[in-house]
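Report on the structure given below.
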Amino acid sequence: MSLTNPSLVDGTQLPPTDSTIALSAPGYRPRAPRTGKGKRRLSQTLLHALLVVGGLAMVFPFLWMLLTSFKTLPQLLKDPLSVLPQPWTFDNYADAWNAVPFGQAYLNSLYIAALVVAGTLLTASMAGYAFARIRFRGARVLFILFLATQMIPKQVTLIPFYLLMTQLGWVDSHLALIVPGLLANPFAVFLMRQFVLSLPKELEEAAIVDGAGRWRIFWSIILPNLKPGLAALSIIVALDVWNAFLFPLVLLNTPDLFTVPLLLSAFQGQFGSVNYGLVMAASAISTIPMLIVFVIGQRRILNSMAASGLGGR
Amino acid sequence: MSDLATGERMPQALPAASAPPATPRRESAWRRRDRRWGYLFIGPQLIGMTVFVVLPFAASLVLAFASWDGLSDLSWVGFENFTAQFQDELLWRSIVNTLIIAVVTVPIGLGLAVVIAVALERLKTRALYLVLFFAPVVTSTVAVAMIWQQMFRADGVLSTTIANVFGIDPPDWLGDPKLALLAVCIVTIWSSLGLNVVIFLAGLQNISPSVIEAARIDGAGAWRLFRSIRLPLLSPIVFFSSVVAFISSLQTFDTVYVLVSNAGPDNATRTIVYHIYDLGFGKFQIGPSSAASVILLLLTLVITAIQFGAQKKFVHYEDDAA
Amino acid sequence: MARANSKMRRLLAIGAASALAIGLAACSGGGGAKDANTVVWSTWGTAEELTRYQDFNKEFMKRHPDITVKLQPVASYEEYHSKLLAQLASNTAPDVFYVGDDKMGQFVDSGRLMPLKKLMESKDSQTKPDDFFPGLFGAAEQDGEYYGAPNDSNPDVLWYDKTALAAAGITEDPAALAEQGEWTTEKYLEMNAKLKDAGLTGSMFWNYWATHWSWLSSQGLPAPYDESGAFTANSDPASVAAIGELGSQFQDGTFVVADTLPDGAGADSIFVTHKAGFFVQGRYTIGTVQTAGEPDAYDIVRWPTPDGQAAPTGVAVSFLAINGKTQAKDAAFTFWTEFLSAEGQTFRLEGGGNAVPSIKGADDVVLEDGYPAHAQTFLDMRDIGFTNYAAEARVPGLSTGISDEFLKLYQGKADAQQTLDAAAALAEKSGK
């Protein structure tokens, strides 16, 4: 069944084709071109200088973490403020890796994160698309409900959530982390809705004219155009899952099922001195997958520049 | 694809009423089916949210009317937990602290992130910078706590620099009730900046290059491009980030938990969620803890409603959905 | 046709989302088995400690082939109790579990712990009530019944740095003075003053119950709680004066609150770089000073007293309790008693252990290495020491609440009377 008039569906009219490009941004008025290359170079240099300074302030603790991971315990105790390791040691990495079953925890965290990210990308972009572009009864109320769930501090639901997991038989199972993770992420739905809203409407209108169904429109038109948003969401969700501490700690009992953050906390005792070299080495080990995710993700975001928005097809 | 989608942006969306009429029967059939698609699309998340968030929270809501330590039998106390919470000076202090954190960190954090994202977007070396700005997000909380505790000491780098520049006594950030909250704000902005930059960069990618190009041909300068093109087109994402940032700053917990012990000097950095956690898991007072969380939810709802009200003025959408 | 297509897509939409969930149902781990021969137990601890517990499990199962033991480890102390709370609330708690001394009273009051007196006195018991040092039961003992026993203990001793003392021109040795019965408060404060004059920190304390209440008890003053559990220290002028003295030492910087120092460059660093005279900590300090490479520069001494004679002071403990609803009562007790027995404690603590046995007959683990020189002090202090008062341990959060009040005193924001009044108010408020 083909639709003859899409404008009724979405309530928008086709844009007037205008040779002077119609800008959707309000308040824009053309102005005479400006010149001045020297000024520009100066401002570029200034910009770089500012970014370098800001960037160093941002990256400093990360570097500190890496440097500390190569320090020996005596150095850490006797000269805690020294910057460079003296001597350099790689023992912390070996010790950290051997002290706890990192390998198993890595696999656990990786597959949980992968499933939750994949699932969230799909379910959240579906819901986000529906909230942004499909008119259905109760949409507004439901959207407000979604937003409201975002406002519930997770800590307060810990005990009821645990009771629920007991009922489902999911305690001490990764299901307790995966299923709620990929099915209950209001933040992701909201983000995807906003990204869909920032896409031009005529994208799908043409498809509706062609008689495509909603799923096809979503799958072959909306999703490909959401790539930057999906990449950003992947990074955020992966980080959230990877760093989750309290819920996995409470829900998982068997050491073989533990995720990486649960092992990290084993390097800090209740009493006595903490071997920060070991802690930082363990932290660094646990950071690597997130760095990889980030590097891939940010490339997706930045490289979509050339092919961004409507230029993609 | 049809030439409708070749890159030109259409003007501001027109109201639905102006659409030409079609055969009524067809319209309703399509609409009915479309509505079903709507429910299907939100289905998985709706079910998940109901089961895994709303249901447990409903239980907490019920517990807000009970006296329960999680161990013994519970007893019903009516609104006692709420009245007790409203009379608890600690709750009010937590609310004030939390609101201060929200009001300070959200505008500054997002403002910085927008500026950085726009600045980075045009640079060839942006990937490198982006990694730098993202570093705090992947730095272990232990390292974050170590560094910042060190920075905030009276004899730390930050304090001595400030003391030298302004000729004042070096401030002891985490020991001084007035400064401890500011320290929490600084660390909050620092640690969330990277993610916001990433989201804004992704949002900027959604803006069609042809729009920018056209404006540039028309002679718009960098500031004008930013003010009149990028910012309005980015506004749905900025709006999203401000709503989410407010919500999450109202739930500030981790930063306080790792940075300062026992909610800081004289509870100077006690936040609402810290209060909730302390009541529930520190003092095993699950009823009052649940009551406090209901209060937090209401507070958040009010603030978010204000934001949604305000967005009509500031946020620019491709159509009139909001 | 279009209809069929849309149905297909709809199916796809539902399927794609739920396939993940359904497909994963296979990899469920399942909860701890609930039968009479499986003992699930839980504790917190560092990676090293947890490894040793796993070894203990293995040895135990060798001795008792019919019993299966499973450990549920939680690394962090605070979150351990959050988890235990969630488990108890849903009746899925382990059969045997650790309880921190600041939480024990609440657990006892809730009636969720198994009364142990009869079992402890039974013939199969390797842990008779009298085998433990009486001061260490604290909140685990109520109305003559026992609901748990101390796993091991850590008396808060005064570690001192001979190098720092020498640098401050102090020639006397605290441990030698103690042996002669001349280790007085006056001497101690004198040494601290000299340390401060030399630009060093006098003493470093952790801000928790053992610090302020040990100060009272070492000064020969009554416990802050009376028999009925009411807080009385604020109405005892001598106690107020003693707390005032303690506060003034912190206020002028002679004493330092270790908690307020930054992570990673904290009290440990200050101590091993000879910048402080005394550091009040447990046996676990051995690891710190040995790593730094000059263990012989350090020794330990008890708390000073007005007359130079030993007085009881605080001992940090944790308790092992049995779940009142356990399905494996006998097996659980077998595990419990072997874990706490002299043999069990020796197994857990020997070779670089970081605590002191809580039971008689295992003291060799403290003395075997001959370090520190006065290691016997650990044992002497444990013998007469006390753990946190039941009145304080009964109310979750009370102990930390009172410590917060003391921090104000130490930072000069309140005087001794205000501090103790505030503590009394907290105790009274939670007593309701």
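Here's how to read the names in the structure tokens: chain A, B, ... by the order shown, residue numbers from 1 in each chain, ligand numbers from 1 in the order shown.
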
I need the residues of segment 196-321 of chain C that end up classed as alpha helix (DSSP H) by DSSP on the backbone, written out as a VMD selection string. chain C and resid 196 to 197 209 to 218 237 to 251 267 to 272 285 to 291

- Item | Spatial neighbours of segment 118-127 of chain A, max dist 9 Å, only C-alpha atoms, sep filter under 3 positions, as a PyMOL selection string | (chain A and resi 113-115+130-132+179+181-193+196+218+223+226+230+233-234+237) or (chain B and resi 38-46) or (chain C and resi 13+16-17+20)

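One finds atom CA of Tyr129 of chain A at 14.1 Å from atom CA of Glu205 of chain A.
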
Exercise. Hey, what's within 8 Å of segment 99-116 of chain B if we count only C-alpha atoms and toss same-chain stuff fewer than 2 positions away? As a ChimeraX atom specification, please?
Worked result: /B:95-97,118-120,181-182,184-186,188-190,192-194,196-197,200,238,241-242,245-246,249-250

For Tyr146 of chain C, work out the shell of residues within 7 Å, counting only C-alpha atoms and skipping chain neighbours fewer than 3 positions away, then give it as an mmCIF file with N, CA, C and O atoms, in the first residue's frame.
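Dumped everything to out-v4.cif:
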data_model
loop_
_atom_site.group_PDB
_atom_site.id
_atom_site.type_symbol
_atom_site.label_atom_id
_atom_site.label_comp_id
_atom_site.auth_asym_id
_atom_site.auth_seq_id
_atom_site.Cartn_x
_atom_site.Cartn_y
_atom_site.Cartn_z
ATOM 1 N N PRO C 115 22.119 -17.871 67.615
ATOM 2 C CA PRO C 115 22.750 -17.874 68.935
ATOM 3 C C PRO C 115 23.754 -19.022 68.990
ATOM 4 O O PRO C 115 23.462 -20.137 68.548
ATOM 5 N N LEU C 116 24.941 -18.744 69.537
ATOM 6 C CA LEU C 116 26.021 -19.724 69.374
ATOM 7 C C LEU C 116 26.523 -20.338 70.682
ATOM 8 O O LEU C 116 27.361 -21.231 70.655
ATOM 9 N N LYS C 117 26.002 -19.836 71.812
ATOM 10 C CA LYS C 117 26.604 -20.244 73.073
ATOM 11 C C LYS C 117 26.619 -21.768 73.242
ATOM 12 O O LYS C 117 27.638 -22.370 73.538
ATOM 13 N N ALA C 140 28.976 -8.534 70.045
ATOM 14 C CA ALA C 140 28.582 -9.893 69.664
ATOM 15 C C ALA C 140 28.001 -10.661 70.845
ATOM 16 O O ALA C 140 27.396 -11.719 70.667
ATOM 17 N N GLU C 141 28.190 -10.121 72.030
ATOM 18 C CA GLU C 141 27.681 -10.769 73.232
ATOM 19 C C GLU C 141 26.529 -9.936 73.771
ATOM 20 O O GLU C 141 26.644 -8.726 73.944
ATOM 21 N N GLN C 142 25.400 -10.593 73.988
ATOM 22 C CA GLN C 142 24.248 -9.861 74.523
ATOM 23 C C GLN C 142 23.510 -10.742 75.518
ATOM 24 O O GLN C 142 23.115 -11.862 75.176
#

List the spatial neighbours of Glu190 of chain C as an NGL selection string - criterion: any atom at most 10 Å away, only C-alpha atoms, same-chain residues fewer than 5 positions off excluded.
:C and (170 or 184-185 or 195-196 or 202)

### Message
Show me, as a PyMOL selection string, the residues that have an atom within 6 Å of segment 83-92 of chain C when counting only C-alpha atoms, minus same-chain residues fewer than 2 positions from it.
### Response
(chain A and resi 159+163+250) or (chain B and resi 70-71) or (chain C and resi 80-81)

Selection from above, N, CA, C and O atoms, as a tab-separated table (two decimals), in the first residue's frame, can you write it?
chain	number	residue	atom	x	y	z
A	159	ILE	N	17.92	-2.37	46.73
A	159	ILE	CA	17.33	-3.51	47.46
A	159	ILE	C	16.11	-4.08	46.75
A	159	ILE	O	16.03	-5.29	46.52
A	163	LEU	N	15.76	-7.81	45.12
A	163	LEU	CA	14.64	-8.72	45.39
A	163	LEU	C	14.04	-9.22	44.08
A	163	LEU	O	13.76	-10.42	43.93
A	250	VAL	N	26.90	-6.26	44.13
A	250	VAL	CA	25.83	-6.84	44.93
A	250	VAL	C	25.24	-8.07	44.24
A	250	VAL	O	24.87	-9.04	44.89
B	70	GLY	N	15.79	-3.46	56.93
B	70	GLY	CA	16.23	-4.48	55.99
B	70	GLY	C	16.44	-5.82	56.65
B	70	GLY	O	16.55	-6.84	55.99
B	71	LEU	N	16.52	-5.84	57.98
B	71	LEU	CA	16.82	-7.08	58.69
B	71	LEU	C	15.59	-7.60	59.43
B	71	LEU	O	15.21	-8.75	59.31
C	80	TYR	N	30.56	-4.19	51.08
C	80	TYR	CA	30.28	-5.54	51.58
C	80	TYR	C	29.01	-5.52	52.41
C	80	TYR	O	28.13	-6.39	52.26
C	81	HIS	N	28.88	-4.54	53.27
C	81	HIS	CA	27.72	-4.50	54.15
C	81	HIS	C	26.45	-4.10	53.39
C	81	HIS	O	25.36	-4.54	53.74

- Message: Residues of segment 77-242 of chain C classed as strand (DSSP E or B) by DSSP on the backbone are to be reported as a PyMOL selection string.
- Response: chain C and resi 96-100+113+132+141-142+145-146+149-155+157-161+184+201-205+225+231

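Pairwise distance (atom CA of Tyr298 of chain C, atom CA of Ala373 of chain C) equals 8.6 Å.
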
Could you list the residues in chain B lying within 8 Å of chain C, using only C-alpha atoms, and format the result as a ChimeraX atom specification? /B:37,40-41,44,70-72,145-146,149-150,153,175,261-262,265-266,281-284

Take the residues from that selection and write them out as a compact mmCIF listing (two decimals), in the first residue's frame, keeping N, CA, C and O atoms.
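Dumped everything to again01.txt:
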# COMPACT_ATOMS: atom_id res chain seq x y z
N TRP B 37 3.07 0.98 15.11
CA TRP B 37 4.53 1.00 14.98
C TRP B 37 5.17 1.77 16.13
O TRP B 37 6.21 1.39 16.66
N LEU B 40 5.31 -0.37 19.09
CA LEU B 40 6.30 -1.43 18.90
C LEU B 40 7.73 -0.91 19.08
O LEU B 40 8.57 -1.57 19.67
N PHE B 41 7.94 0.27 18.54
CA PHE B 41 9.30 0.83 18.59
C PHE B 41 9.71 1.16 20.02
O PHE B 41 10.87 1.00 20.38
N PRO B 44 10.32 -2.40 23.58
CA PRO B 44 11.38 -3.03 24.39
C PRO B 44 11.82 -2.14 25.55
O PRO B 44 11.90 -2.60 26.69
N GLY B 70 15.79 -3.46 56.93
CA GLY B 70 16.23 -4.48 55.99
C GLY B 70 16.44 -5.82 56.65
O GLY B 70 16.55 -6.84 55.99
N LEU B 71 16.52 -5.84 57.98
CA LEU B 71 16.82 -7.08 58.69
C LEU B 71 15.59 -7.60 59.43
O LEU B 71 15.21 -8.75 59.31
N SER B 72 14.97 -6.69 60.21
CA SER B 72 13.84 -7.12 61.03
C SER B 72 12.54 -6.94 60.24
O SER B 72 12.55 -6.51 59.10
N ALA B 145 41.00 10.66 42.55
CA ALA B 145 40.98 11.08 43.94
C ALA B 145 42.38 11.48 44.41
O ALA B 145 42.57 12.51 45.05
N MET B 146 43.36 10.65 44.05
CA MET B 146 44.73 10.93 44.49
C MET B 146 45.20 12.29 44.01
O MET B 146 45.72 13.10 44.77
N GLN B 149 43.00 15.31 45.46
CA GLN B 149 43.25 15.53 46.88
C GLN B 149 44.59 16.23 47.06
O GLN B 149 44.75 17.11 47.91
N GLN B 150 45.54 15.82 46.24
CA GLN B 150 46.86 16.43 46.29
C GLN B 150 46.80 17.90 45.85
O GLN B 150 47.37 18.77 46.48
N ARG B 153 45.24 20.32 48.46
CA ARG B 153 45.86 20.53 49.77
C ARG B 153 46.33 21.97 49.91
O ARG B 153 46.62 22.64 48.92
N GLY B 175 39.40 20.97 53.39
CA GLY B 175 39.22 21.10 54.83
C GLY B 175 38.31 22.27 55.18
O GLY B 175 37.81 22.37 56.29
N SER B 261 36.19 12.43 52.54
CA SER B 261 35.67 11.40 53.41
C SER B 261 34.49 11.94 54.22
O SER B 261 34.47 13.11 54.60
N ASN B 262 33.52 11.10 54.45
CA ASN B 262 32.35 11.45 55.26
C ASN B 262 31.69 12.77 54.88
O ASN B 262 31.38 13.59 55.73
N PRO B 265 34.04 18.39 55.45
CA PRO B 265 34.00 19.02 56.76
C PRO B 265 32.59 19.51 57.06
O PRO B 265 32.01 20.23 56.26
N ASP B 266 32.06 19.10 58.18
CA ASP B 266 30.76 19.60 58.61
C ASP B 266 29.68 19.36 57.56
O ASP B 266 28.81 20.20 57.33
N PHE B 281 22.25 2.67 53.53
CA PHE B 281 23.26 1.65 53.69
C PHE B 281 24.24 1.94 54.82
O PHE B 281 24.91 1.05 55.31
N GLY B 282 24.34 3.20 55.23
CA GLY B 282 25.20 3.52 56.36
C GLY B 282 24.46 3.33 57.67
O GLY B 282 25.00 2.81 58.63
N LYS B 283 23.19 3.77 57.69
CA LYS B 283 22.43 3.72 58.93
C LYS B 283 21.31 2.68 58.89
O LYS B 283 20.57 2.54 59.87
N PHE B 284 21.15 1.99 57.80
CA PHE B 284 20.12 0.95 57.64
C PHE B 284 18.72 1.51 57.88
O PHE B 284 17.84 0.81 58.34

*Within 7 Å of segment 129-138 of chain B, counting only C-alpha atoms, which residues qualify if same-chain residues fewer than 6 places away don't, as a ChimeraX atom specification?*
/A:55-56,58-59,62,287,290 /B:191,194-195

Taking all heavy atoms for each residue, export the selection above as a PDB file, in the first residue's frame.
ATOM      1  N   GLY A  55      44.006  20.810  27.497  1.00  0.00           N
ATOM      2  CA  GLY A  55      44.149  19.364  27.299  1.00  0.00           C
ATOM      3  C   GLY A  55      45.103  18.746  28.304  1.00  0.00           C
ATOM      4  O   GLY A  55      44.842  17.667  28.826  1.00  0.00           O
ATOM      5  N   LEU A  56      46.198  19.467  28.592  1.00  0.00           N
ATOM      6  CA  LEU A  56      47.153  18.916  29.555  1.00  0.00           C
ATOM      7  C   LEU A  56      46.530  18.814  30.937  1.00  0.00           C
ATOM      8  O   LEU A  56      46.730  17.824  31.646  1.00  0.00           O
ATOM      9  CB  LEU A  56      48.413  19.791  29.605  1.00  0.00           C
ATOM     10  CG  LEU A  56      49.349  19.621  28.407  1.00  0.00           C
ATOM     11  CD1 LEU A  56      50.567  20.522  28.542  1.00  0.00           C
ATOM     12  CD2 LEU A  56      49.788  18.158  28.272  1.00  0.00           C
ATOM     13  N   MET A  58      43.540  18.253  31.501  1.00  0.00           N
ATOM     14  CA  MET A  58      42.607  17.140  31.468  1.00  0.00           C
ATOM     15  C   MET A  58      43.322  15.798  31.543  1.00  0.00           C
ATOM     16  O   MET A  58      42.859  14.851  32.158  1.00  0.00           O
ATOM     17  CB  MET A  58      41.775  17.180  30.180  1.00  0.00           C
ATOM     18  CG  MET A  58      40.959  18.433  29.990  1.00  0.00           C
ATOM     19  SD  MET A  58      39.751  18.681  31.285  1.00  0.00           S
ATOM     20  CE  MET A  58      38.496  17.518  30.814  1.00  0.00           C
ATOM     21  N   VAL A  59      44.468  15.726  30.857  1.00  0.00           N
ATOM     22  CA  VAL A  59      45.124  14.431  30.704  1.00  0.00           C
ATOM     23  C   VAL A  59      46.080  14.135  31.852  1.00  0.00           C
ATOM     24  O   VAL A  59      46.496  13.002  32.054  1.00  0.00           O
ATOM     25  CB  VAL A  59      45.851  14.359  29.339  1.00  0.00           C
ATOM     26  CG1 VAL A  59      47.226  15.002  29.409  1.00  0.00           C
ATOM     27  CG2 VAL A  59      45.913  12.931  28.842  1.00  0.00           C
ATOM     28  N   PHE A  62      45.518  11.173  34.122  1.00  0.00           N
ATOM     29  CA  PHE A  62      45.685   9.913  33.391  1.00  0.00           C
ATOM     30  C   PHE A  62      47.167   9.575  33.271  1.00  0.00           C
ATOM     31  O   PHE A  62      47.580   8.436  33.501  1.00  0.00           O
ATOM     32  CB  PHE A  62      45.042  10.036  32.007  1.00  0.00           C
ATOM     33  CG  PHE A  62      45.068   8.755  31.219  1.00  0.00           C
ATOM     34  CD1 PHE A  62      44.141   7.767  31.475  1.00  0.00           C
ATOM     35  CD2 PHE A  62      46.044   8.530  30.259  1.00  0.00           C
ATOM     36  CE1 PHE A  62      44.163   6.578  30.770  1.00  0.00           C
ATOM     37  CE2 PHE A  62      46.076   7.339  29.550  1.00  0.00           C
ATOM     38  CZ  PHE A  62      45.134   6.371  29.799  1.00  0.00           C
ATOM     39  N   THR A 287      41.721  -0.006  31.732  1.00  0.00           N
ATOM     40  CA  THR A 287      41.356   1.148  30.905  1.00  0.00           C
ATOM     41  C   THR A 287      41.484   0.874  29.410  1.00  0.00           C
ATOM     42  O   THR A 287      40.788   1.476  28.596  1.00  0.00           O
ATOM     43  CB  THR A 287      42.279   2.335  31.272  1.00  0.00           C
ATOM     44  OG1 THR A 287      42.091   2.612  32.642  1.00  0.00           O
ATOM     45  CG2 THR A 287      41.953   3.559  30.478  1.00  0.00           C
ATOM     46  N   MET A 290      38.533   0.476  27.013  1.00  0.00           N
ATOM     47  CA  MET A 290      37.743   1.697  26.874  1.00  0.00           C
ATOM     48  C   MET A 290      38.448   2.702  25.977  1.00  0.00           C
ATOM     49  O   MET A 290      37.812   3.439  25.232  1.00  0.00           O
ATOM     50  CB  MET A 290      37.480   2.317  28.239  1.00  0.00           C
ATOM     51  CG  MET A 290      36.423   1.586  29.034  1.00  0.00           C
ATOM     52  SD  MET A 290      34.884   1.340  28.113  1.00  0.00           S
ATOM     53  CE  MET A 290      35.078  -0.343  27.570  1.00  0.00           C
TER      54      MET A 290
ATOM     55  N   SER B 191      35.540  16.166  35.137  1.00  0.00           N
ATOM     56  CA  SER B 191      35.365  14.761  34.759  1.00  0.00           C
ATOM     57  C   SER B 191      34.256  14.566  33.737  1.00  0.00           C
ATOM     58  O   SER B 191      34.237  13.549  33.048  1.00  0.00           O
ATOM     59  CB  SER B 191      35.098  13.916  36.008  1.00  0.00           C
ATOM     60  OG  SER B 191      33.950  14.381  36.670  1.00  0.00           O
ATOM     61  N   GLY B 194      34.683  15.809  28.937  1.00  0.00           N
ATOM     62  CA  GLY B 194      35.008  14.990  27.772  1.00  0.00           C
ATOM     63  C   GLY B 194      33.787  14.389  27.107  1.00  0.00           C
ATOM     64  O   GLY B 194      33.633  14.464  25.885  1.00  0.00           O
ATOM     65  N   LEU B 195      32.895  13.839  27.920  1.00  0.00           N
ATOM     66  CA  LEU B 195      31.706  13.204  27.350  1.00  0.00           C
ATOM     67  C   LEU B 195      30.814  14.235  26.663  1.00  0.00           C
ATOM     68  O   LEU B 195      30.268  13.976  25.584  1.00  0.00           O
ATOM     69  CB  LEU B 195      30.913  12.490  28.439  1.00  0.00           C
ATOM     70  CG  LEU B 195      31.285  11.039  28.679  1.00  0.00           C
ATOM     71  CD1 LEU B 195      30.338  10.403  29.673  1.00  0.00           C
ATOM     72  CD2 LEU B 195      31.267  10.251  27.371  1.00  0.00           C
TER      73      LEU B 195
END

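With only C-alpha atoms as the basis for measurement, A:Ala96 is the residue among A:Leu302, A:Ala139, A:Ala96, A:Val293 that approaches chain C most closely.
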
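Ranking A:Phe146, A:Phe294, A:Trp64, A:Trp88 by their shortest atom-to-atom distance to chain C, with only C-alpha atoms included, puts A:Trp64 first.
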
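The gap separating atom CA of Leu177 of chain A from atom CA of Ala284 of chain A is 23.6 Å, in Å to one decimal.
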
What residues in chain A have any atom no more than 7 Å from chain C when counting only C-alpha atoms, and can you write them as JSON, numbers by chain? {"A": [1, 73, 74, 77, 78, 80, 99, 100, 119, 123, 159, 162, 163, 169, 170, 171, 172, 173, 174, 175, 179, 215, 250, 253, 254, 265, 266, 267, 268, 269, 270, 272, 273, 276]}

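Here the question is which of C:Asp197, C:Asp131, C:Asp66, C:Asp95 gets nearest to Gly277 of chain C using only C-alpha atoms, and that residue is C:Asp197.
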